[in-house]
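Chemist: Please find my_file11.cif (mmCIF, C-alpha atoms and all ligand atoms) on the next line:
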```
data_upload
loop_
_atom_site.label_atom_id
_atom_site.label_comp_id
_atom_site.auth_asym_id
_atom_site.auth_seq_id
_atom_site.Cartn_x
_atom_site.Cartn_y
_atom_site.Cartn_z
CA MET A 1 0.00 0.00 0.00
CA LEU A 2 1.33 3.45 -0.92
CA LYS A 3 2.10 5.29 2.32
CA ASN A 4 3.57 8.70 3.16
CA LYS A 5 4.20 9.54 -0.49
CA LYS A 6 3.75 12.72 -2.52
CA ILE A 7 1.23 11.96 -5.21
CA ILE A 8 -0.44 13.94 -8.00
CA ILE A 9 -3.93 12.83 -9.02
CA THR A 10 -5.34 14.49 -12.12
CA GLY A 11 -9.09 14.25 -12.53
CA ALA A 12 -9.34 13.94 -8.74
CA ALA A 13 -12.92 15.22 -8.69
CA GLY A 14 -14.01 12.57 -11.16
CA PHE A 15 -15.69 9.27 -10.34
CA ILE A 16 -12.54 7.14 -10.20
CA GLY A 17 -10.32 10.04 -9.04
CA SER A 18 -12.43 10.70 -5.96
CA TYR A 19 -12.25 7.05 -4.83
CA LEU A 20 -8.50 7.03 -5.41
CA THR A 21 -8.19 10.27 -3.42
CA LYS A 22 -9.98 8.66 -0.48
CA ALA A 23 -7.91 5.46 -0.62
CA LEU A 24 -4.61 7.36 -0.75
CA LEU A 25 -5.53 9.88 1.95
CA GLU A 26 -6.38 6.98 4.25
CA GLN A 27 -2.77 5.81 3.90
CA ASN A 28 -1.29 9.15 4.99
CA ASN A 29 -0.09 10.23 1.58
CA TYR A 30 0.26 13.88 0.65
CA LEU A 31 -1.91 14.57 -2.39
CA ILE A 32 -1.81 17.25 -5.04
CA LEU A 33 -5.30 17.09 -6.50
CA VAL A 34 -5.81 18.57 -9.95
CA ASP A 35 -9.17 19.01 -11.65
CA ASN A 36 -10.77 21.76 -13.72
CA PHE A 37 -14.25 20.80 -12.43
CA ASN A 38 -15.67 21.12 -15.92
CA ASP A 39 -19.44 21.12 -16.33
CA TYR A 40 -19.69 17.94 -18.40
CA TYR A 41 -21.76 16.61 -15.50
CA SER A 42 -22.67 18.10 -12.13
CA GLY A 43 -21.97 17.10 -8.53
CA LYS A 44 -18.17 16.84 -8.71
CA GLU A 45 -17.56 19.46 -6.00
CA ASP A 46 -19.90 17.73 -3.57
CA ARG A 47 -18.41 14.33 -4.29
CA LEU A 48 -14.83 15.45 -3.64
CA ASN A 49 -15.71 17.71 -0.70
CA ALA A 50 -17.47 14.83 1.07
CA ILE A 51 -14.10 13.07 1.11
CA LEU A 52 -11.85 16.06 1.79
CA GLU A 53 -13.87 17.40 4.71
CA ASN A 54 -12.59 14.47 6.77
CA TYR A 55 -9.00 15.48 6.13
CA GLU A 56 -9.16 19.30 6.23
CA SER A 57 -7.35 19.64 9.54
CA LYS A 58 -4.54 17.27 8.66
CA LYS A 59 -3.23 19.34 5.71
CA ASP A 60 -2.80 16.20 3.71
CA TYR A 61 -3.55 17.65 0.33
CA ILE A 62 -3.76 20.69 -1.87
CA LEU A 63 -6.52 21.14 -4.39
CA LEU A 64 -5.67 22.90 -7.65
CA LYS A 65 -8.70 23.91 -9.71
CA GLU A 66 -6.72 23.96 -12.91
CA ASP A 67 -6.84 22.70 -16.45
CA ILE A 68 -4.14 20.23 -17.53
CA LEU A 69 -4.06 22.17 -20.81
CA ASN A 70 -3.05 25.38 -19.04
CA PRO A 71 0.75 25.93 -18.91
CA LYS A 72 0.26 27.90 -15.64
CA LEU A 73 -0.52 24.62 -13.84
CA TYR A 74 2.97 23.29 -14.47
CA LYS A 75 4.52 26.40 -12.92
CA LYS A 76 2.53 25.75 -9.74
CA LEU A 77 3.43 22.05 -9.47
CA ASP A 78 6.40 21.22 -7.28
CA PRO A 79 8.54 18.63 -9.12
CA GLU A 80 9.27 16.79 -5.90
CA ILE A 81 6.78 14.04 -6.57
CA ASP A 82 6.78 10.28 -6.04
CA TYR A 83 3.76 9.19 -8.10
CA ILE A 84 1.36 10.57 -10.69
CA PHE A 85 -2.05 9.02 -11.39
CA HIS A 86 -3.28 10.64 -14.58
CA LEU A 87 -7.05 10.29 -14.76
CA ALA A 88 -8.16 13.68 -16.09
CA ALA A 89 -9.84 13.18 -19.43
CA GLN A 90 -12.97 13.81 -21.39
CA ALA A 91 -14.59 10.39 -21.16
CA ASN A 92 -17.56 8.94 -23.08
CA VAL A 93 -17.38 7.35 -26.51
CA ARG A 94 -20.60 8.91 -27.86
CA HIS A 95 -19.66 12.41 -26.70
CA SER A 96 -16.33 12.03 -28.48
CA ILE A 97 -18.01 11.44 -31.83
CA LYS A 98 -19.61 14.89 -31.63
CA TYR A 99 -16.67 16.67 -30.01
CA ALA A 100 -13.67 14.89 -31.51
CA SER A 101 -11.24 17.80 -31.39
CA GLU A 102 -12.09 18.83 -27.80
CA VAL A 103 -11.68 15.23 -26.64
CA SER A 104 -8.38 14.81 -28.50
CA ASN A 105 -7.11 18.08 -27.06
CA THR A 106 -7.81 17.14 -23.44
CA ASN A 107 -6.89 13.49 -23.69
CA ILE A 108 -3.83 13.69 -25.93
CA ILE A 109 -2.34 17.19 -25.46
CA GLY A 110 -3.23 17.13 -21.74
CA THR A 111 -1.36 13.83 -21.37
CA ILE A 112 1.67 15.15 -23.27
CA ASN A 113 1.75 18.23 -20.98
CA LEU A 114 1.90 15.99 -17.92
CA LEU A 115 4.52 13.73 -19.46
CA GLU A 116 6.65 16.80 -20.28
CA PHE A 117 6.34 17.85 -16.63
CA THR A 118 7.64 14.43 -15.51
CA LYS A 119 11.00 15.26 -17.10
CA LYS A 120 11.53 17.79 -14.30
CA ILE A 121 10.95 15.18 -11.58
CA LYS A 122 14.13 13.67 -10.18
CA ASP A 123 12.87 10.43 -8.72
CA LEU A 124 9.45 9.69 -10.10
CA ARG A 125 8.44 6.21 -9.01
CA ARG A 126 5.51 5.86 -11.41
CA PHE A 127 3.22 7.57 -13.91
CA ILE A 128 -0.04 5.63 -14.07
CA PHE A 129 -2.09 6.34 -17.19
CA ALA A 130 -5.85 5.64 -17.15
CA SER A 131 -6.38 3.99 -20.51
CA SER A 132 -9.40 2.07 -21.67
CA SER A 133 -10.60 -1.27 -23.02
CA SER A 134 -11.92 0.76 -25.96
CA VAL A 135 -8.42 0.73 -27.51
CA TYR A 136 -9.14 -2.82 -28.76
CA GLY A 137 -12.23 -1.86 -30.76
CA ASN A 138 -14.44 -4.78 -31.82
CA PRO A 139 -12.48 -7.80 -30.56
CA LEU A 140 -11.13 -10.29 -33.07
CA TYR A 141 -11.18 -12.86 -30.26
CA THR A 142 -12.25 -12.89 -26.62
CA PRO A 143 -11.24 -12.57 -23.90
CA CYS A 144 -8.86 -9.82 -25.08
CA ASP A 145 -5.33 -10.07 -23.81
CA GLU A 146 -3.06 -7.04 -23.79
CA ASP A 147 -1.49 -8.06 -27.13
CA HIS A 148 -4.82 -8.06 -28.96
CA PRO A 149 -4.63 -5.72 -32.00
CA LYS A 150 -5.71 -2.13 -31.32
CA ASN A 151 -8.50 -1.04 -33.65
CA PRO A 152 -10.18 1.93 -31.93
CA ILE A 153 -13.53 2.93 -33.45
CA SER A 154 -14.18 6.30 -31.77
CA PRO A 155 -12.24 9.53 -31.18
CA TYR A 156 -12.24 8.71 -27.44
CA ALA A 157 -10.66 5.29 -28.03
CA ILE A 158 -8.15 6.82 -30.47
CA SER A 159 -7.22 9.45 -27.87
CA LYS A 160 -6.59 6.74 -25.23
CA LEU A 161 -4.46 4.73 -27.63
CA ALA A 162 -2.54 7.91 -28.52
CA GLY A 163 -2.04 8.51 -24.79
CA GLU A 164 -0.53 5.03 -24.46
CA ILE A 165 1.73 5.58 -27.46
CA TYR A 166 2.97 8.79 -25.82
CA THR A 167 3.52 7.19 -22.40
CA ASN A 168 5.51 4.43 -24.13
CA TYR A 169 7.52 7.04 -26.00
CA TYR A 170 8.43 8.83 -22.75
CA TYR A 171 9.32 5.50 -21.18
CA ASN A 172 11.53 4.40 -24.06
CA GLN A 173 13.19 7.73 -24.78
CA PHE A 174 13.33 9.41 -21.35
CA GLN A 175 13.03 6.42 -18.98
CA ILE A 176 9.86 7.81 -17.37
CA PRO A 177 8.45 4.83 -15.41
CA ILE A 178 4.96 4.53 -16.83
CA THR A 179 2.20 1.92 -16.59
CA ASN A 180 -0.86 1.85 -18.84
CA LEU A 181 -4.05 0.50 -17.27
CA ARG A 182 -6.95 -0.43 -19.53
CA PHE A 183 -10.09 -0.08 -17.46
CA TYR A 184 -13.26 -1.98 -18.35
CA THR A 185 -16.60 -0.17 -17.74
CA VAL A 186 -16.16 1.02 -14.17
CA TYR A 187 -19.25 1.42 -11.97
CA GLY A 188 -20.24 1.89 -8.35
CA PRO A 189 -21.88 4.36 -5.95
CA ASN A 190 -21.54 7.97 -7.09
CA GLY A 191 -20.70 6.70 -10.58
CA ARG A 192 -20.77 8.86 -13.67
CA PRO A 193 -24.35 9.86 -14.49
CA ASP A 194 -23.65 9.65 -18.24
CA MET A 195 -22.84 5.91 -18.08
CA ALA A 196 -25.48 3.23 -18.66
CA ILE A 197 -25.92 2.07 -15.04
CA GLY A 198 -26.21 5.60 -13.63
CA LYS A 199 -28.61 6.64 -16.39
CA PHE A 200 -30.73 3.48 -16.07
CA PHE A 201 -31.11 3.78 -12.28
CA ASN A 202 -32.17 7.43 -12.68
CA LEU A 203 -34.77 6.62 -15.31
CA MET A 204 -36.14 3.57 -13.48
CA LEU A 205 -36.66 5.53 -10.30
CA GLN A 206 -38.63 8.14 -12.23
CA ASN A 207 -40.67 5.36 -13.85
CA LYS A 208 -39.42 6.44 -17.26
CA PRO A 209 -38.53 4.09 -20.12
CA LEU A 210 -34.90 3.11 -20.69
CA THR A 211 -33.33 3.41 -24.10
CA VAL A 212 -31.15 0.46 -25.03
CA TYR A 213 -29.13 0.85 -28.20
CA GLY A 214 -28.98 -2.28 -30.38
CA THR A 215 -30.50 -5.61 -29.35
CA GLY A 216 -29.26 -5.37 -25.76
CA GLU A 217 -27.33 -8.59 -26.38
CA GLN A 218 -24.00 -6.70 -26.51
CA LEU A 219 -21.72 -7.91 -23.71
CA ARG A 220 -19.98 -5.65 -21.21
CA ASP A 221 -17.28 -6.47 -18.70
CA PHE A 222 -18.53 -4.31 -15.80
CA THR A 223 -15.86 -3.73 -13.16
CA TYR A 224 -16.59 -2.50 -9.66
CA ILE A 225 -14.81 0.64 -8.51
CA SER A 226 -13.00 -0.92 -5.52
CA ASP A 227 -11.44 -3.56 -7.79
CA ILE A 228 -10.17 -0.82 -10.12
CA ILE A 229 -8.71 1.14 -7.20
CA SER A 230 -6.92 -1.92 -5.89
CA GLY A 231 -5.55 -2.67 -9.39
CA MET A 232 -4.28 0.90 -9.71
CA ILE A 233 -2.50 0.82 -6.37
CA LEU A 234 -1.06 -2.67 -6.90
CA SER A 235 0.33 -1.69 -10.30
CA SER A 236 1.91 1.52 -9.00
CA GLU A 237 3.86 -0.41 -6.35
CA ASN A 238 5.09 -3.17 -8.61
CA GLU A 239 8.43 -2.72 -10.38
CA LYS A 240 7.50 -5.38 -12.95
CA ALA A 241 4.64 -3.15 -14.11
CA VAL A 242 6.97 -0.43 -15.42
CA GLY A 243 6.53 0.05 -19.16
CA GLU A 244 3.67 -2.47 -19.27
CA PRO A 245 -0.03 -2.35 -20.17
CA PHE A 246 -2.57 -4.24 -18.03
CA ASN A 247 -6.25 -5.01 -18.47
CA LEU A 248 -8.24 -4.21 -15.35
CA GLY A 249 -11.62 -5.87 -15.77
CA TYR A 250 -13.83 -8.34 -13.93
CA SER A 251 -13.57 -10.77 -16.83
CA THR A 252 -17.15 -12.06 -16.66
CA PRO A 253 -19.17 -9.98 -19.10
CA ILE A 254 -22.95 -9.85 -19.10
CA SER A 255 -25.37 -8.55 -21.72
CA VAL A 256 -27.09 -5.18 -21.34
CA ASN A 257 -30.39 -7.08 -21.21
CA GLU A 258 -29.16 -9.15 -18.27
CA LEU A 259 -27.90 -5.98 -16.61
CA VAL A 260 -31.28 -4.25 -16.79
CA ASP A 261 -33.02 -7.42 -15.58
CA ILE A 262 -30.94 -7.32 -12.39
CA MET A 263 -31.61 -3.60 -12.01
CA TYR A 264 -35.38 -4.06 -12.43
CA GLU A 265 -35.25 -6.86 -9.87
CA PHE A 266 -33.59 -4.56 -7.31
CA THR A 267 -35.73 -1.51 -7.96
CA GLY A 268 -38.99 -3.44 -8.30
CA VAL A 269 -39.99 -1.08 -11.11
CA GLN A 270 -42.10 -2.32 -14.06
CA ARG A 271 -39.90 -3.25 -17.03
CA ASN A 272 -40.09 -0.52 -19.71
CA ILE A 273 -37.43 -0.53 -22.43
CA ARG A 274 -37.20 1.12 -25.83
CA TYR A 275 -34.75 -0.43 -28.25
CA GLU A 276 -33.07 1.87 -30.74
CA LYS A 277 -30.50 1.39 -33.44
CA PRO A 278 -26.92 0.76 -32.29
CA GLN A 279 -24.81 3.84 -31.64
CA MET A 280 -21.71 4.65 -33.58
CA GLY A 281 -18.53 3.91 -31.62
CA ASP A 282 -20.12 1.23 -29.41
CA VAL A 283 -18.38 -2.13 -29.61
CA GLU A 284 -20.27 -5.44 -29.60
CA ILE A 285 -18.37 -6.99 -26.73
CA THR A 286 -15.84 -6.10 -24.07
CA HIS A 287 -14.25 -9.02 -22.26
CA SER A 288 -10.92 -8.74 -20.49
CA LYS A 289 -8.35 -11.43 -20.09
CA ILE A 290 -6.78 -10.53 -16.76
CA GLU A 291 -4.22 -13.30 -16.37
CA LYS A 292 -1.32 -10.85 -16.72
CA ALA A 293 -2.65 -8.57 -13.96
CA LYS A 294 -3.39 -11.61 -11.78
CA LYS A 295 0.07 -13.04 -12.22
CA ILE A 296 2.21 -9.90 -12.06
CA LEU A 297 0.12 -7.56 -9.90
CA ASN A 298 -1.77 -10.05 -7.77
CA TYR A 299 -4.95 -8.35 -9.01
CA HIS A 300 -7.99 -10.44 -8.11
CA PRO A 301 -11.26 -8.56 -8.68
CA LYS A 302 -13.77 -9.52 -6.05
CA ILE A 303 -17.11 -7.85 -6.72
CA SER A 304 -19.53 -9.55 -9.13
CA ILE A 305 -21.97 -7.42 -11.11
CA HIS A 306 -24.84 -8.64 -8.95
CA GLU A 307 -23.07 -7.67 -5.75
CA GLY A 308 -21.82 -4.38 -7.22
CA LEU A 309 -25.29 -3.34 -8.40
CA LYS A 310 -26.65 -4.16 -4.97
CA LYS A 311 -24.13 -1.82 -3.37
CA TYR A 312 -24.84 0.88 -5.98
CA TYR A 313 -28.58 0.64 -5.41
CA ALA A 314 -28.20 0.65 -1.61
CA TRP A 315 -26.27 3.91 -1.97
CA ILE A 316 -29.02 5.41 -4.17
CA LYS A 317 -31.73 4.41 -1.67
CA GLU A 318 -29.77 5.95 1.19
CA ARG A 319 -29.48 9.21 -0.75
CA ILE A 320 -33.17 9.26 -1.53
CA ASN A 321 -33.98 8.68 2.15
CA LYS A 322 -31.82 11.66 3.13
CA LEU A 323 -33.71 14.02 0.79
N1 LIG B 401 -15.32 5.10 -15.90
C1 LIG B 401 -14.96 4.17 -16.78
O1 LIG B 401 -15.67 3.20 -17.02
C2 LIG B 401 -13.64 4.29 -17.50
C3 LIG B 401 -13.28 3.26 -18.39
C4 LIG B 401 -12.07 3.35 -19.06
C5 LIG B 401 -11.23 4.41 -18.83
N2 LIG B 401 -11.60 5.42 -17.99
C6 LIG B 401 -10.70 6.55 -17.78
O2 LIG B 401 -10.51 6.76 -16.39
C7 LIG B 401 -10.37 8.15 -16.13
C8 LIG B 401 -11.38 8.61 -15.09
O3 LIG B 401 -12.67 8.31 -15.56
P1 LIG B 401 -13.98 8.71 -14.75
O4 LIG B 401 -15.03 7.73 -15.10
O5 LIG B 401 -13.64 8.95 -13.34
O6 LIG B 401 -14.35 10.09 -15.47
P2 LIG B 401 -14.84 11.48 -14.86
O7 LIG B 401 -15.36 12.27 -16.01
O8 LIG B 401 -15.72 11.24 -13.71
O9 LIG B 401 -13.48 12.10 -14.34
C9 LIG B 401 -12.59 12.84 -15.14
C10 LIG B 401 -12.24 14.11 -14.38
O10 LIG B 401 -11.28 14.83 -15.17
C11 LIG B 401 -11.58 16.19 -15.08
N3 LIG B 401 -11.06 16.87 -16.27
C12 LIG B 401 -11.52 16.75 -17.54
N4 LIG B 401 -10.80 17.54 -18.35
C13 LIG B 401 -9.86 18.15 -17.57
C14 LIG B 401 -8.85 19.09 -17.85
N5 LIG B 401 -8.64 19.56 -19.08
N6 LIG B 401 -8.07 19.53 -16.82
C15 LIG B 401 -8.29 19.08 -15.55
N7 LIG B 401 -9.24 18.19 -15.25
C16 LIG B 401 -10.03 17.73 -16.24
C17 LIG B 401 -13.10 16.26 -15.00
O11 LIG B 401 -13.54 17.47 -14.40
C18 LIG B 401 -13.41 15.03 -14.15
O12 LIG B 401 -13.54 15.37 -12.79
C19 LIG B 401 -10.52 8.86 -17.46
O13 LIG B 401 -9.22 9.06 -17.99
C20 LIG B 401 -11.27 7.85 -18.31
O14 LIG B 401 -11.00 8.02 -19.68
C21 LIG B 401 -12.79 5.38 -17.31
#
```
Would you give me this structure, written as structure tokens?

Modeler:
Amino acid sequence: MLKNKKIIITGAAGFIGSYLTKALLEQNNYLILVDNFNDYYSGKEDRLNAILENYESKKDYILLKEDILNPKLYKKLDPEIDYIFHLAAQANVRHSIKYASEVSNTNIIGTINLLEFTKKIKDLRRFIFASSSSVYGNPLYTPCDEDHPKNPISPYAISKLAGEIYTNYYYNQFQIPITNLRFYTVYGPNGRPDMAIGKFFNLMLQNKPLTVYGTGEQLRDFTYISDIISGMILSSENEKAVGEPFNLGYSTPISVNELVDIMYEFTGVQRNIRYEKPQMGDVEITHSKIEKAKKILNYHPKISIHEGLKKYYAWIKERINKL
């Protein structure tokens, strides 16, 4: 477990970033939290503040409301850093189809800016890059191992692959110790409201119909947030992970139809689904092979989709009760 280290987290106010912030604060690390709190979705301030308010008196962090595209940020950052977790990005495949240049700017140029900054750091232990299963595109075989060909089919996926090519370049040419982690559909309490599970719960609880794109038979490898956080921390501590990509998934995909069945079972709401034509950029199946992460990182995801959805729904109910 990372302890007493100086760590930058970009995208700290995001879904995954806020969980990582909590996990690393609990281990007495000193955190430099970077996020521009953009308005792509709301509630980021509340989400991060709910964590930080427990640490206010301990002076265990600084929060920089800055854009990774802004050169001013890099003047403020002290290069005495042990670890960087680079999560800041414009996520969402469908959004990227409409806003390809904005997404490429944030995800590629933003990543290059951070990698350039790492050259100033004397003893960086690790630069963890949040990549995505989307780099594989429509799989030629499943489960996908890390060597599966990369055929991204959206600007978002292209930007993540470009990020990986850049991290590899900085590793090979400047010996920056990087690790690329390919996350598979991450979910859990306080999850992104633009992702299927968050959207579906919202609609169900308002008794509104869900829109499922395609037949609903597309398979997704849903991965619970605590498993992703443990994979991130394990990889950052492991010397054998330097210069390597790893899949972080649960490795047991289910169809979107099965997903909504479980959600209807929990919520007790009457099934009401509209099927529409498949969306551009969506792949037919995501299914991670995680043998490499198991063997090298000792990554063993624990939370099944059924258990994870139960936790997510319990959190939603608790919030509703507080209103
Ligand atoms: N959630 C998933 O299922 C998933 C899957 C694969 C990869 N990822 C990657 O993991 C990372 C975190 O994802 P998430 O789901 O927490 O997303 P998120 O949108 O909740 O978090 C991203 C954060 O980055 C911040 N940000 C965006 N642009 C910025 C900029 N220019 N400067 C500073 N901050 C900026 C946003 O304000 C946000 O708080 C992203 O890189 C994403 O691409 C996520």

Chemist: List as a VMD selection string the protein and nucleic acid residues near Tyr313 (chain A), meaning an atom at most 8 Å away when only C-alpha atoms are counted, but skip any in the same chain fewer than 2 places from it.

Modeler: chain A and resid 189 201 266 to 267 309 to 311 315 to 317

Chemist: As a count of residues only, please: every protein or nucleic acid residue near ligand LIG 401 (chain B) (cut-off 8 Å, counting all atoms listed in the file).

Modeler: 51

Chemist: Do a neighbour search on Asn207 (chain A) at 10 Å with all atoms listed in the file, toss out local chain neighbours closer than 3 positions, and write the hits as a PyMOL selection string.

Modeler: chain A and resi 201-204+210+269-272

Chemist: Of the candidates A:Lys240, A:Lys76, A:Lys22, A:Lys208, which one gets nearest to Asn54 (chain A) if we count all atoms listed in the file?

Modeler: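 Distance minimum relative to Asn54 (chain A) lands on A:Lys22.
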
Chemist: For Pro301 (chain A), which residue among A:Gly249, A:Gly163, A:Gly137, A:Gly243 is the nearest when counting all atoms listed in the file?

Modeler: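 For Pro301 (chain A), the nearest of the candidates is A:Gly249.
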
Chemist: Just how far from CA of Ala162 (chain A) is CA of Glu239 (chain A), in Å to one decimal?

Modeler: 23.7 Å

Chemist: For Glu284 (chain A), list every protein, DNA or RNA residue within 7 Å, evaluated using only C-alpha atoms, and leave out those in the same chain fewer than 3 positions away; present the list as a ChimeraX atom specification.

Modeler: /A:138,218-219

Chemist: Which is closest to Ile197 (chain A) among A:Ile229, A:Ile97, A:Ile305, A:Val242, if we use all atoms listed in the file?

Modeler: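 Closest to Ile197 (chain A) of all the choices is A:Ile305.
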
Chemist: What does the distance from CA of Leu31 (chain A) to CA of Ile9 (chain A) come to in Å, to one decimal?

Modeler: 7.1 Å
